[in-house]
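A.B. asks: Below is a structure I'd like to ask you about.
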Amino acid sequence: MPRLLLLLPTTTYRTAAFLGAAKKLGVEVVVASERAHVFQQAQPGRFLSLDFLHPDQAARQVVEFVATRPIHAVVGVDDATTVLAAVLLNALGLPHNPLRSTAAARDKYRMRTRLRGDGVPVPPYALRSFDDDPVVEARRTAFPCVVKPLMLSGSRGVIRADDEAQFVGAVRRLERILRRPEAADDGEAARQVLVEGFIPGREVALEGLLVKGDLHVLALFDKPDPLDGPFFEETIYVAPSRLPSTVQAEIASCTARAAQALGLRDGPVHAELRVNRHGPSVIEIAARSIGGLCSRTLRFGTGLSLEELILRQALGMEIRSLERERRAVGVMMLPIPRTGVLKEVRGQAEARAVPGIDEVTITAHPGQDLVPLPEGASYPGFIFARAESPERVEAALREAHRRLDFVVMAPRKPTEAI
Ligand code: ADP
């Protein structure tokens, strides 16, 4: 039986989806996490605690582990683990994306530099340090701009500024976010800030699978809500895209060129692009699949999940079809209504009753602190829909959301503001 090492950070939403896929494929899973698992003592061959922040140390541990239990594939499920997965595969002598490619895809500045170097359209950008005086930097910045961290994800710390005063506020706010212990792990990157020109236009997300350097588009999602800032909270994703097929083809080719520029060859990619009259620009391309619980919207061939596709590819198993089901699908990442402590979410049954709604999943638990962007890092839940057309999917998601009522109590402590 093939054995798979799954890198599952404790913060991931994807555990059930990947474990379910592995079970369906009949592969044995070793779960690696950054903290010791409660079952580790009882089942030492099934769980590994690895230092996700020190790949060389983790690689030594994994090499030791395989001396008694061979591993046939390593899969990192999200941004925090893609680089480590490549390092571990390298240490085990298994095929992997080049280490510098996965590292560049994790660092927004390196990514921009590689893409621009290869002529892939990206926003204008400049690297700045928190050691520079933001008041001075503001004077040499063109507006509107976007201030962002190099390493965080999920739009955390990404702030639009329209003038010098907003720029200074945004830089100081980002610096405070990066001073938090979980971000400080990013070392030098946590002292730097990327300042980009704001690209107006519609935004799309492309979910793809690279197979020997060729990009297969698994799904192209429209994001029908405007994402104009100052913060960039994701809400609705709907596939198939309603953009003209010529524009969709340009988006696919731009993403393929971006993957090539980074040197990524195999495995999932998730790209965010903005499209306007000048064509598409790549905002981001990551060597991972779609985040949160959003992959639940996707079904391929005879009903395979995205996670099954990813595991099949990693294990060298046959994939008959990469074709997504025909129906329109969508997901709404539930916006955080306001800062505070979640008491309850009312109206769930009413939201589920909306025609076209597949599922309403509240992932936040009562008593949880709700922290909106740019400081926050997670969604309180997801709504999933399927219908005959993207328009119906979008309408169903909006109606279901309208029926939900988040009861939020006052925050425990004051939060920072611009
Ligand atoms: P993350 O990796 O944290 O998601 P991104 O760089 O992808 O960070 O930015 C998050 C979101 O912010 C994007 O999806 C987009 O909506 C918006 N955004 C980021 N950079 C720009 C830009 N230069 N122009 C316009 N919007 C941007």
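Going by the structure tokens order, chains are called A, B, ..., each with residues numbered from 1, while ligands are numbered from 1 in the order shown.
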As a quick test: using only C-alpha atoms and all ligand atoms, which residues lie no more than 8 Å away from ligand 1? Give them as a PDB file with N, CA, C and O atoms, in the first residue's frame.
C.D. replies:
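What follows is the written file part.pdb:
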```pdb
ATOM      1  N   LYS A 108       6.035  37.278  -2.004  1.00  0.00           N
ATOM      2  CA  LYS A 108       5.391  38.138  -3.007  1.00  0.00           C
ATOM      3  C   LYS A 108       6.401  38.975  -3.786  1.00  0.00           C
ATOM      4  O   LYS A 108       6.212  39.233  -4.971  1.00  0.00           O
ATOM      5  N   VAL A 122       2.390  42.228 -14.309  1.00  0.00           N
ATOM      6  CA  VAL A 122       2.172  42.311 -12.852  1.00  0.00           C
ATOM      7  C   VAL A 122       2.023  43.787 -12.497  1.00  0.00           C
ATOM      8  O   VAL A 122       2.429  44.645 -13.292  1.00  0.00           O
ATOM      9  N   PRO A 123       1.462  44.111 -11.341  1.00  0.00           N
ATOM     10  CA  PRO A 123       1.380  45.529 -10.966  1.00  0.00           C
ATOM     11  C   PRO A 123       2.788  46.104 -10.798  1.00  0.00           C
ATOM     12  O   PRO A 123       3.716  45.362 -10.474  1.00  0.00           O
ATOM     13  N   PRO A 124       2.939  47.437 -10.996  1.00  0.00           N
ATOM     14  CA  PRO A 124       4.231  48.039 -10.650  1.00  0.00           C
ATOM     15  C   PRO A 124       4.465  47.861  -9.148  1.00  0.00           C
ATOM     16  O   PRO A 124       3.501  47.888  -8.380  1.00  0.00           O
ATOM     17  N   TYR A 125       5.698  47.639  -8.722  1.00  0.00           N
ATOM     18  CA  TYR A 125       5.927  47.341  -7.301  1.00  0.00           C
ATOM     19  C   TYR A 125       7.282  47.858  -6.848  1.00  0.00           C
ATOM     20  O   TYR A 125       8.173  48.092  -7.662  1.00  0.00           O
ATOM     21  N   CYS A 145      -2.304  53.003  -4.221  1.00  0.00           N
ATOM     22  CA  CYS A 145      -1.368  51.893  -4.132  1.00  0.00           C
ATOM     23  C   CYS A 145      -1.911  50.853  -3.151  1.00  0.00           C
ATOM     24  O   CYS A 145      -2.919  51.077  -2.477  1.00  0.00           O
ATOM     25  N   VAL A 146      -1.229  49.718  -3.127  1.00  0.00           N
ATOM     26  CA  VAL A 146      -1.574  48.655  -2.176  1.00  0.00           C
ATOM     27  C   VAL A 146      -0.314  48.320  -1.386  1.00  0.00           C
ATOM     28  O   VAL A 146       0.742  48.100  -1.976  1.00  0.00           O
ATOM     29  N   VAL A 147      -0.464  48.329  -0.070  1.00  0.00           N
ATOM     30  CA  VAL A 147       0.648  48.005   0.823  1.00  0.00           C
ATOM     31  C   VAL A 147       0.417  46.577   1.301  1.00  0.00           C
ATOM     32  O   VAL A 147      -0.699  46.235   1.693  1.00  0.00           O
ATOM     33  N   LYS A 148       1.442  45.730   1.209  1.00  0.00           N
ATOM     34  CA  LYS A 148       1.205  44.334   1.632  1.00  0.00           C
ATOM     35  C   LYS A 148       2.450  43.666   2.191  1.00  0.00           C
ATOM     36  O   LYS A 148       3.580  44.077   1.899  1.00  0.00           O
ATOM     37  N   PRO A 149       2.232  42.629   3.001  1.00  0.00           N
ATOM     38  CA  PRO A 149       3.369  41.884   3.534  1.00  0.00           C
ATOM     39  C   PRO A 149       3.911  40.921   2.478  1.00  0.00           C
ATOM     40  O   PRO A 149       3.218  40.628   1.499  1.00  0.00           O
ATOM     41  N   MET A 151       4.867  37.680   3.047  1.00  0.00           N
ATOM     42  CA  MET A 151       4.649  36.258   3.284  1.00  0.00           C
ATOM     43  C   MET A 151       3.250  35.855   3.755  1.00  0.00           C
ATOM     44  O   MET A 151       2.932  34.690   3.707  1.00  0.00           O
ATOM     45  N   LEU A 152       2.457  36.771   4.269  1.00  0.00           N
ATOM     46  CA  LEU A 152       1.162  36.331   4.789  1.00  0.00           C
ATOM     47  C   LEU A 152       0.239  35.943   3.643  1.00  0.00           C
ATOM     48  O   LEU A 152       0.547  36.166   2.481  1.00  0.00           O
ATOM     49  N   SER A 153      -0.925  35.358   3.977  1.00  0.00           N
ATOM     50  CA  SER A 153      -1.864  35.006   2.912  1.00  0.00           C
ATOM     51  C   SER A 153      -3.284  35.331   3.359  1.00  0.00           C
ATOM     52  O   SER A 153      -3.501  35.813   4.473  1.00  0.00           O
ATOM     53  N   GLY A 154      -4.245  35.040   2.478  1.00  0.00           N
ATOM     54  CA  GLY A 154      -5.650  35.316   2.798  1.00  0.00           C
ATOM     55  C   GLY A 154      -5.935  36.804   2.919  1.00  0.00           C
ATOM     56  O   GLY A 154      -6.807  37.206   3.694  1.00  0.00           O
ATOM     57  N   SER A 155      -5.216  37.628   2.172  1.00  0.00           N
ATOM     58  CA  SER A 155      -5.389  39.091   2.162  1.00  0.00           C
ATOM     59  C   SER A 155      -5.036  39.745   3.495  1.00  0.00           C
ATOM     60  O   SER A 155      -5.340  40.923   3.720  1.00  0.00           O
ATOM     61  N   ARG A 156      -4.429  38.997   4.371  1.00  0.00           N
ATOM     62  CA  ARG A 156      -4.069  39.551   5.680  1.00  0.00           C
ATOM     63  C   ARG A 156      -2.990  40.617   5.503  1.00  0.00           C
ATOM     64  O   ARG A 156      -1.987  40.386   4.816  1.00  0.00           O
ATOM     65  N   GLY A 157      -3.229  41.772   6.075  1.00  0.00           N
ATOM     66  CA  GLY A 157      -2.243  42.852   6.000  1.00  0.00           C
ATOM     67  C   GLY A 157      -2.215  43.582   4.666  1.00  0.00           C
ATOM     68  O   GLY A 157      -1.373  44.447   4.463  1.00  0.00           O
ATOM     69  N   VAL A 158      -3.122  43.251   3.747  1.00  0.00           N
ATOM     70  CA  VAL A 158      -3.136  43.919   2.432  1.00  0.00           C
ATOM     71  C   VAL A 158      -4.069  45.139   2.528  1.00  0.00           C
ATOM     72  O   VAL A 158      -5.255  44.990   2.832  1.00  0.00           O
ATOM     73  N   ILE A 159      -3.516  46.336   2.307  1.00  0.00           N
ATOM     74  CA  ILE A 159      -4.273  47.575   2.550  1.00  0.00           C
ATOM     75  C   ILE A 159      -4.076  48.549   1.376  1.00  0.00           C
ATOM     76  O   ILE A 159      -2.950  48.798   0.954  1.00  0.00           O
ATOM     77  N   ARG A 160      -5.177  49.080   0.884  1.00  0.00           N
ATOM     78  CA  ARG A 160      -5.082  50.093  -0.170  1.00  0.00           C
ATOM     79  C   ARG A 160      -4.903  51.475   0.463  1.00  0.00           C
ATOM     80  O   ARG A 160      -5.496  51.766   1.504  1.00  0.00           O
ATOM     81  N   GLU A 196       2.587  48.317  -4.076  1.00  0.00           N
ATOM     82  CA  GLU A 196       2.236  48.053  -5.475  1.00  0.00           C
ATOM     83  C   GLU A 196       1.258  49.090  -5.993  1.00  0.00           C
ATOM     84  O   GLU A 196       0.466  49.642  -5.224  1.00  0.00           O
ATOM     85  N   GLY A 197       1.270  49.297  -7.294  1.00  0.00           N
ATOM     86  CA  GLY A 197       0.229  50.113  -7.915  1.00  0.00           C
ATOM     87  C   GLY A 197      -1.089  49.352  -7.814  1.00  0.00           C
ATOM     88  O   GLY A 197      -1.110  48.132  -7.981  1.00  0.00           O
ATOM     89  N   PHE A 198      -2.172  50.063  -7.516  1.00  0.00           N
ATOM     90  CA  PHE A 198      -3.485  49.408  -7.446  1.00  0.00           C
ATOM     91  C   PHE A 198      -3.980  49.165  -8.875  1.00  0.00           C
ATOM     92  O   PHE A 198      -4.045  50.093  -9.675  1.00  0.00           O
ATOM     93  N   ILE A 199      -4.299  47.911  -9.180  1.00  0.00           N
ATOM     94  CA  ILE A 199      -4.797  47.562 -10.520  1.00  0.00           C
ATOM     95  C   ILE A 199      -6.328  47.503 -10.458  1.00  0.00           C
ATOM     96  O   ILE A 199      -6.874  46.632  -9.779  1.00  0.00           O
ATOM     97  N   PRO A 200      -7.010  48.426 -11.134  1.00  0.00           N
ATOM     98  CA  PRO A 200      -8.476  48.344 -11.117  1.00  0.00           C
ATOM     99  C   PRO A 200      -8.941  47.195 -12.013  1.00  0.00           C
ATOM    100  O   PRO A 200      -8.160  46.673 -12.810  1.00  0.00           O
ATOM    101  N   GLY A 201     -10.182  46.824 -11.866  1.00  0.00           N
ATOM    102  CA  GLY A 201     -10.732  45.811 -12.774  1.00  0.00           C
ATOM    103  C   GLY A 201     -11.400  44.684 -12.034  1.00  0.00           C
ATOM    104  O   GLY A 201     -11.517  44.705 -10.806  1.00  0.00           O
ATOM    105  N   GLU A 203     -11.820  40.809 -10.752  1.00  0.00           N
ATOM    106  CA  GLU A 203     -10.856  39.816 -10.278  1.00  0.00           C
ATOM    107  C   GLU A 203     -11.381  38.410 -10.514  1.00  0.00           C
ATOM    108  O   GLU A 203     -12.580  38.142 -10.378  1.00  0.00           O
ATOM    109  N   LEU A 227     -13.721  44.325  -5.473  1.00  0.00           N
ATOM    110  CA  LEU A 227     -12.648  44.240  -4.467  1.00  0.00           C
ATOM    111  C   LEU A 227     -11.794  45.498  -4.631  1.00  0.00           C
ATOM    112  O   LEU A 227     -10.727  45.478  -5.236  1.00  0.00           O
ATOM    113  N   ASP A 228     -12.320  46.604  -4.107  1.00  0.00           N
ATOM    114  CA  ASP A 228     -11.633  47.882  -4.307  1.00  0.00           C
ATOM    115  C   ASP A 228     -10.940  48.395  -3.052  1.00  0.00           C
ATOM    116  O   ASP A 228     -10.391  49.486  -3.052  1.00  0.00           O
ATOM    117  N   GLY A 229     -11.009  47.650  -1.982  1.00  0.00           N
ATOM    118  CA  GLY A 229     -10.315  48.035  -0.765  1.00  0.00           C
ATOM    119  C   GLY A 229     -11.162  48.942   0.108  1.00  0.00           C
ATOM    120  O   GLY A 229     -12.340  49.128  -0.180  1.00  0.00           O
ATOM    121  N   PHE A 231      -9.612  47.137   2.342  1.00  0.00           N
ATOM    122  CA  PHE A 231      -9.181  45.784   2.664  1.00  0.00           C
ATOM    123  C   PHE A 231      -9.833  44.855   1.650  1.00  0.00           C
ATOM    124  O   PHE A 231     -10.815  45.238   1.017  1.00  0.00           O
ATOM    125  N   PHE A 232      -9.316  43.662   1.506  1.00  0.00           N
ATOM    126  CA  PHE A 232      -9.732  42.837   0.372  1.00  0.00           C
ATOM    127  C   PHE A 232     -10.299  41.505   0.843  1.00  0.00           C
ATOM    128  O   PHE A 232      -9.717  40.447   0.654  1.00  0.00           O
ATOM    129  N   GLU A 233     -11.447  41.595   1.468  1.00  0.00           N
ATOM    130  CA  GLU A 233     -12.086  40.402   2.000  1.00  0.00           C
ATOM    131  C   GLU A 233     -12.726  39.617   0.853  1.00  0.00           C
ATOM    132  O   GLU A 233     -13.541  40.151   0.102  1.00  0.00           O
ATOM    133  N   GLU A 234     -12.347  38.360   0.719  1.00  0.00           N
ATOM    134  CA  GLU A 234     -12.938  37.516  -0.319  1.00  0.00           C
ATOM    135  C   GLU A 234     -14.384  37.232   0.065  1.00  0.00           C
ATOM    136  O   GLU A 234     -14.676  37.000   1.240  1.00  0.00           O
ATOM    137  N   GLU A 272      -4.574  34.426  -8.666  1.00  0.00           N
ATOM    138  CA  GLU A 272      -5.542  35.526  -8.621  1.00  0.00           C
ATOM    139  C   GLU A 272      -5.090  36.531  -9.678  1.00  0.00           C
ATOM    140  O   GLU A 272      -3.924  36.918  -9.685  1.00  0.00           O
ATOM    141  N   LEU A 273      -6.017  36.915 -10.549  1.00  0.00           N
ATOM    142  CA  LEU A 273      -5.665  37.884 -11.591  1.00  0.00           C
ATOM    143  C   LEU A 273      -6.701  38.993 -11.627  1.00  0.00           C
ATOM    144  O   LEU A 273      -7.866  38.781 -11.266  1.00  0.00           O
ATOM    145  N   ARG A 274      -6.266  40.155 -12.060  1.00  0.00           N
ATOM    146  CA  ARG A 274      -7.188  41.273 -12.303  1.00  0.00           C
ATOM    147  C   ARG A 274      -7.250  41.496 -13.806  1.00  0.00           C
ATOM    148  O   ARG A 274      -6.219  41.419 -14.484  1.00  0.00           O
ATOM    149  N   ILE A 283      -1.972  38.954  -9.896  1.00  0.00           N
ATOM    150  CA  ILE A 283      -1.822  39.487  -8.539  1.00  0.00           C
ATOM    151  C   ILE A 283      -1.052  38.466  -7.714  1.00  0.00           C
ATOM    152  O   ILE A 283      -0.209  38.803  -6.905  1.00  0.00           O
ATOM    153  N   GLU A 284      -1.348  37.200  -7.951  1.00  0.00           N
ATOM    154  CA  GLU A 284      -0.646  36.179  -7.170  1.00  0.00           C
ATOM    155  C   GLU A 284      -0.745  34.828  -7.865  1.00  0.00           C
ATOM    156  O   GLU A 284      -1.764  34.497  -8.480  1.00  0.00           O
TER     157      GLU A 284
END
```
A.B. asks: Please report, as a VMD selection string, each residue of region 129-362 of chain A to which DSSP assigns alpha helix (DSSP H) when run on this structure's backbone.
C.D. replies: chain A and resid 134 to 139 164 to 178 181 to 184 245 to 262 306 to 314 348 to 352
A.B. asks: Please determine, counting only C-alpha atoms, which residue among A:Ala189, A:Val75, A:Ile362, A:Ala256 has the shortest atom-to-atom distance to Asp107 (chain A).
C.D. replies: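 Among the listed residues, A:Ala189 lies closest to Asp107 (chain A).
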A.B. asks: Hey, which of A:Ile336, A:Pro268, A:Arg392, A:Thr246 ends up closest to Ser295 (chain A)? Count only C-alpha atoms.
C.D. replies: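 Going through A:Ile336, A:Pro268, A:Arg392, A:Thr246 one by one, the smallest distance to Ser295 (chain A) is for A:Pro268.
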A.B. asks: Please provide the set of residues having any atom within 9 Å of Leu322 (chain A), restricted to only C-alpha atoms, with same-chain residues fewer than 6 positions apart removed, written as a ChimeraX atom specification.
C.D. replies: /A:209,216-218,300-301,309
A.B. asks: With distances taken over only C-alpha atoms, which of A:Leu4, A:Leu215, A:Val171, A:Pro98 is nearest to Asp133 (chain A)?
C.D. replies: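 That would be A:Val171, the residue with the smallest distance to Asp133 (chain A).
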A.B. asks: So the first atom is CA of Leu99 (chain A) and the second is CA of Met111 (chain A); what is the distance between them in Å, to one decimal place?
C.D. replies: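 Computed distance, CA of Leu99 (chain A) to CA of Met111 (chain A), equals 13.3 Å.
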A.B. asks: Using only C-alpha atoms for the distances, tell me which of A:Val62, A:Cys294, A:Ala239, A:Leu311 is nearest to Ser389 (chain A).
C.D. replies: A:Ala239
A.B. asks: Can you pull out the residues contacting Leu220 (chain A)? Cut-off 8 Å, using only C-alpha atoms, and skip same-chain residues under 5 positions away; I want them as a list in words.
C.D. replies: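 Listing them by chain and then by number gives Val204, Ala205, Leu206, Glu207, Ala239, Pro240, Ser241 and Gln248 of chain A.
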A.B. asks: Just all heavy atoms for this one: save the residues we selected as a PDB file, in the first residue's frame.
C.D. replies:
```pdb
ATOM      1  N   VAL A 204     -10.472  37.517 -10.881  1.00  0.00           N
ATOM      2  CA  VAL A 204     -10.822  36.103 -11.048  1.00  0.00           C
ATOM      3  C   VAL A 204      -9.808  35.259 -10.285  1.00  0.00           C
ATOM      4  O   VAL A 204      -8.708  35.718  -9.974  1.00  0.00           O
ATOM      5  CB  VAL A 204     -10.795  35.668 -12.538  1.00  0.00           C
ATOM      6  CG1 VAL A 204     -11.897  36.328 -13.334  1.00  0.00           C
ATOM      7  CG2 VAL A 204      -9.435  35.920 -13.171  1.00  0.00           C
ATOM      8  N   ALA A 205     -10.217  34.028  -9.996  1.00  0.00           N
ATOM      9  CA  ALA A 205      -9.292  33.070  -9.387  1.00  0.00           C
ATOM     10  C   ALA A 205      -9.232  31.855 -10.296  1.00  0.00           C
ATOM     11  O   ALA A 205     -10.274  31.327 -10.702  1.00  0.00           O
ATOM     12  CB  ALA A 205      -9.777  32.668  -8.003  1.00  0.00           C
ATOM     13  N   LEU A 206      -8.017  31.460 -10.634  1.00  0.00           N
ATOM     14  CA  LEU A 206      -7.859  30.300 -11.507  1.00  0.00           C
ATOM     15  C   LEU A 206      -7.297  29.144 -10.691  1.00  0.00           C
ATOM     16  O   LEU A 206      -6.280  29.279 -10.010  1.00  0.00           O
ATOM     17  CB  LEU A 206      -6.920  30.638 -12.665  1.00  0.00           C
ATOM     18  CG  LEU A 206      -6.766  29.534 -13.723  1.00  0.00           C
ATOM     19  CD1 LEU A 206      -6.583  30.140 -15.114  1.00  0.00           C
ATOM     20  CD2 LEU A 206      -5.621  28.573 -13.417  1.00  0.00           C
ATOM     21  N   GLU A 207      -8.015  28.029 -10.750  1.00  0.00           N
ATOM     22  CA  GLU A 207      -7.559  26.820 -10.085  1.00  0.00           C
ATOM     23  C   GLU A 207      -6.989  25.911 -11.161  1.00  0.00           C
ATOM     24  O   GLU A 207      -7.676  25.611 -12.149  1.00  0.00           O
ATOM     25  CB  GLU A 207      -8.774  26.160  -9.404  1.00  0.00           C
ATOM     26  CG  GLU A 207      -8.449  25.127  -8.401  1.00  0.00           C
ATOM     27  CD  GLU A 207      -7.679  25.668  -7.206  1.00  0.00           C
ATOM     28  OE1 GLU A 207      -7.685  26.888  -6.944  1.00  0.00           O
ATOM     29  OE2 GLU A 207      -7.038  24.842  -6.542  1.00  0.00           O
ATOM     30  N   ALA A 239     -18.142  29.697 -10.551  1.00  0.00           N
ATOM     31  CA  ALA A 239     -17.630  29.102 -11.792  1.00  0.00           C
ATOM     32  C   ALA A 239     -18.803  28.443 -12.517  1.00  0.00           C
ATOM     33  O   ALA A 239     -19.718  27.961 -11.865  1.00  0.00           O
ATOM     34  CB  ALA A 239     -16.557  28.062 -11.477  1.00  0.00           C
ATOM     35  N   PRO A 240     -18.854  28.378 -13.852  1.00  0.00           N
ATOM     36  CA  PRO A 240     -17.803  28.900 -14.721  1.00  0.00           C
ATOM     37  C   PRO A 240     -17.834  30.420 -14.785  1.00  0.00           C
ATOM     38  O   PRO A 240     -18.833  31.046 -14.432  1.00  0.00           O
ATOM     39  CB  PRO A 240     -18.170  28.293 -16.083  1.00  0.00           C
ATOM     40  CG  PRO A 240     -19.658  28.147 -16.039  1.00  0.00           C
ATOM     41  CD  PRO A 240     -19.972  27.799 -14.618  1.00  0.00           C
ATOM     42  N   SER A 241     -16.747  30.977 -15.268  1.00  0.00           N
ATOM     43  CA  SER A 241     -16.653  32.424 -15.404  1.00  0.00           C
ATOM     44  C   SER A 241     -17.628  32.912 -16.472  1.00  0.00           C
ATOM     45  O   SER A 241     -17.874  32.237 -17.459  1.00  0.00           O
ATOM     46  CB  SER A 241     -15.228  32.796 -15.805  1.00  0.00           C
ATOM     47  OG  SER A 241     -15.179  34.149 -16.191  1.00  0.00           O
ATOM     48  N   GLN A 248     -11.039  34.671 -21.125  1.00  0.00           N
ATOM     49  CA  GLN A 248     -10.690  33.493 -20.308  1.00  0.00           C
ATOM     50  C   GLN A 248      -9.418  32.832 -20.842  1.00  0.00           C
ATOM     51  O   GLN A 248      -8.572  32.375 -20.065  1.00  0.00           O
ATOM     52  CB  GLN A 248     -11.840  32.488 -20.324  1.00  0.00           C
ATOM     53  CG  GLN A 248     -13.081  33.018 -19.633  1.00  0.00           C
ATOM     54  CD  GLN A 248     -14.107  31.933 -19.373  1.00  0.00           C
ATOM     55  OE1 GLN A 248     -13.762  30.781 -19.171  1.00  0.00           O
ATOM     56  NE2 GLN A 248     -15.370  32.305 -19.370  1.00  0.00           N
TER      57      GLN A 248
END
```
A.B. asks: Do you know which residues are at most 9 Å from Val135 (chain A) counting only C-alpha atoms, after dropping those on the same chain fewer than 3 positions away, and could you put them as a VMD selection string?
C.D. replies: chain A and resid 132 138 to 139 164 to 165 167 to 168
A.B. asks: Deliver the residues from the most recent selection as a file, using N, CA, C and O atoms, as a short mmCIF file (atom, residue, chain, number, x, y, z; two decimals), in the first residue's frame.
C.D. replies:
```cif
data_model
loop_
_atom_site.label_atom_id
_atom_site.label_comp_id
_atom_site.auth_asym_id
_atom_site.auth_seq_id
_atom_site.Cartn_x
_atom_site.Cartn_y
_atom_site.Cartn_z
N ASP A 132 12.52 52.35 6.95
CA ASP A 132 12.42 53.62 6.23
C ASP A 132 11.31 54.47 6.87
O ASP A 132 10.35 53.93 7.41
N ALA A 138 6.11 57.99 1.47
CA ALA A 138 4.80 58.37 0.92
C ALA A 138 4.98 59.38 -0.22
O ALA A 138 4.27 59.32 -1.22
N ARG A 139 5.99 60.26 -0.07
CA ARG A 139 6.18 61.32 -1.07
C ARG A 139 6.63 60.76 -2.41
O ARG A 139 6.44 61.37 -3.44
N GLU A 164 -1.09 60.18 0.73
CA GLU A 164 0.09 60.04 1.60
C GLU A 164 -0.30 59.69 3.03
O GLU A 164 0.32 58.84 3.67
N ALA A 165 -1.36 60.34 3.53
CA ALA A 165 -1.76 60.09 4.92
C ALA A 165 -2.21 58.64 5.09
O ALA A 165 -1.83 57.96 6.06
N PHE A 167 -1.29 56.17 3.28
CA PHE A 167 -0.11 55.32 3.11
C PHE A 167 0.62 55.16 4.45
O PHE A 167 0.96 54.06 4.87
N VAL A 168 0.84 56.27 5.13
CA VAL A 168 1.56 56.23 6.41
C VAL A 168 0.77 55.36 7.40
O VAL A 168 1.33 54.50 8.08
#
```
A.B. asks: Please give the complete set of residues from region 205-409 of chain A that DSSP, run on the backbone, assigns to strand (DSSP E), formatted as number ranges by chain.
C.D. replies: A: 205-211, 214-223, 236-239, 267-276, 279-286, 328-333, 340-346, 357-362, 369-370, 381-387, 405-409
A.B. asks: Quick one: of A:Arg3, A:His401, A:Arg191, A:Lys223, who's nearest to Arg176 (chain A), counting only C-alpha atoms?
C.D. replies: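 Using only C-alpha atoms, Arg176 (chain A) sits closest to A:Arg191.
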A.B. asks: Skip Val329 (chain A) itself and residues of its chain fewer than 2 positions away, then list as a PyMOL selection string all residues within 8 Å of it, counting only C-alpha atoms.
C.D. replies: chain A and resi 238-240+297-298+327+331+384-387+390+393
A.B. asks: Any idea what the distance is between CA of Arg312 (chain A) and CA of Glu250 (chain A)?
C.D. replies: 28.5 Å
A.B. asks: Mind pulling up the distance from CA of Leu50 (chain A) to CA of Ala32 (chain A)?
C.D. replies: 6.3 Å
A.B. asks: Find, counting only C-alpha atoms, the residue in A:Leu334, A:Phe382, A:Pro372, A:Pro244 that gets nearest to Arg296 (chain A).
C.D. replies: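 Smallest separation from Arg296 (chain A) among the options: A:Phe382.
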A.B. asks: Near Lys24 (chain A), counting only C-alpha atoms, which residues have an atom at most 12 Å away, once you skip same-chain residues fewer than 3 positions from it, shown as a PyMOL selection string?
C.D. replies: chain A and resi 17-21+27-29+303-305+307-309+311-312
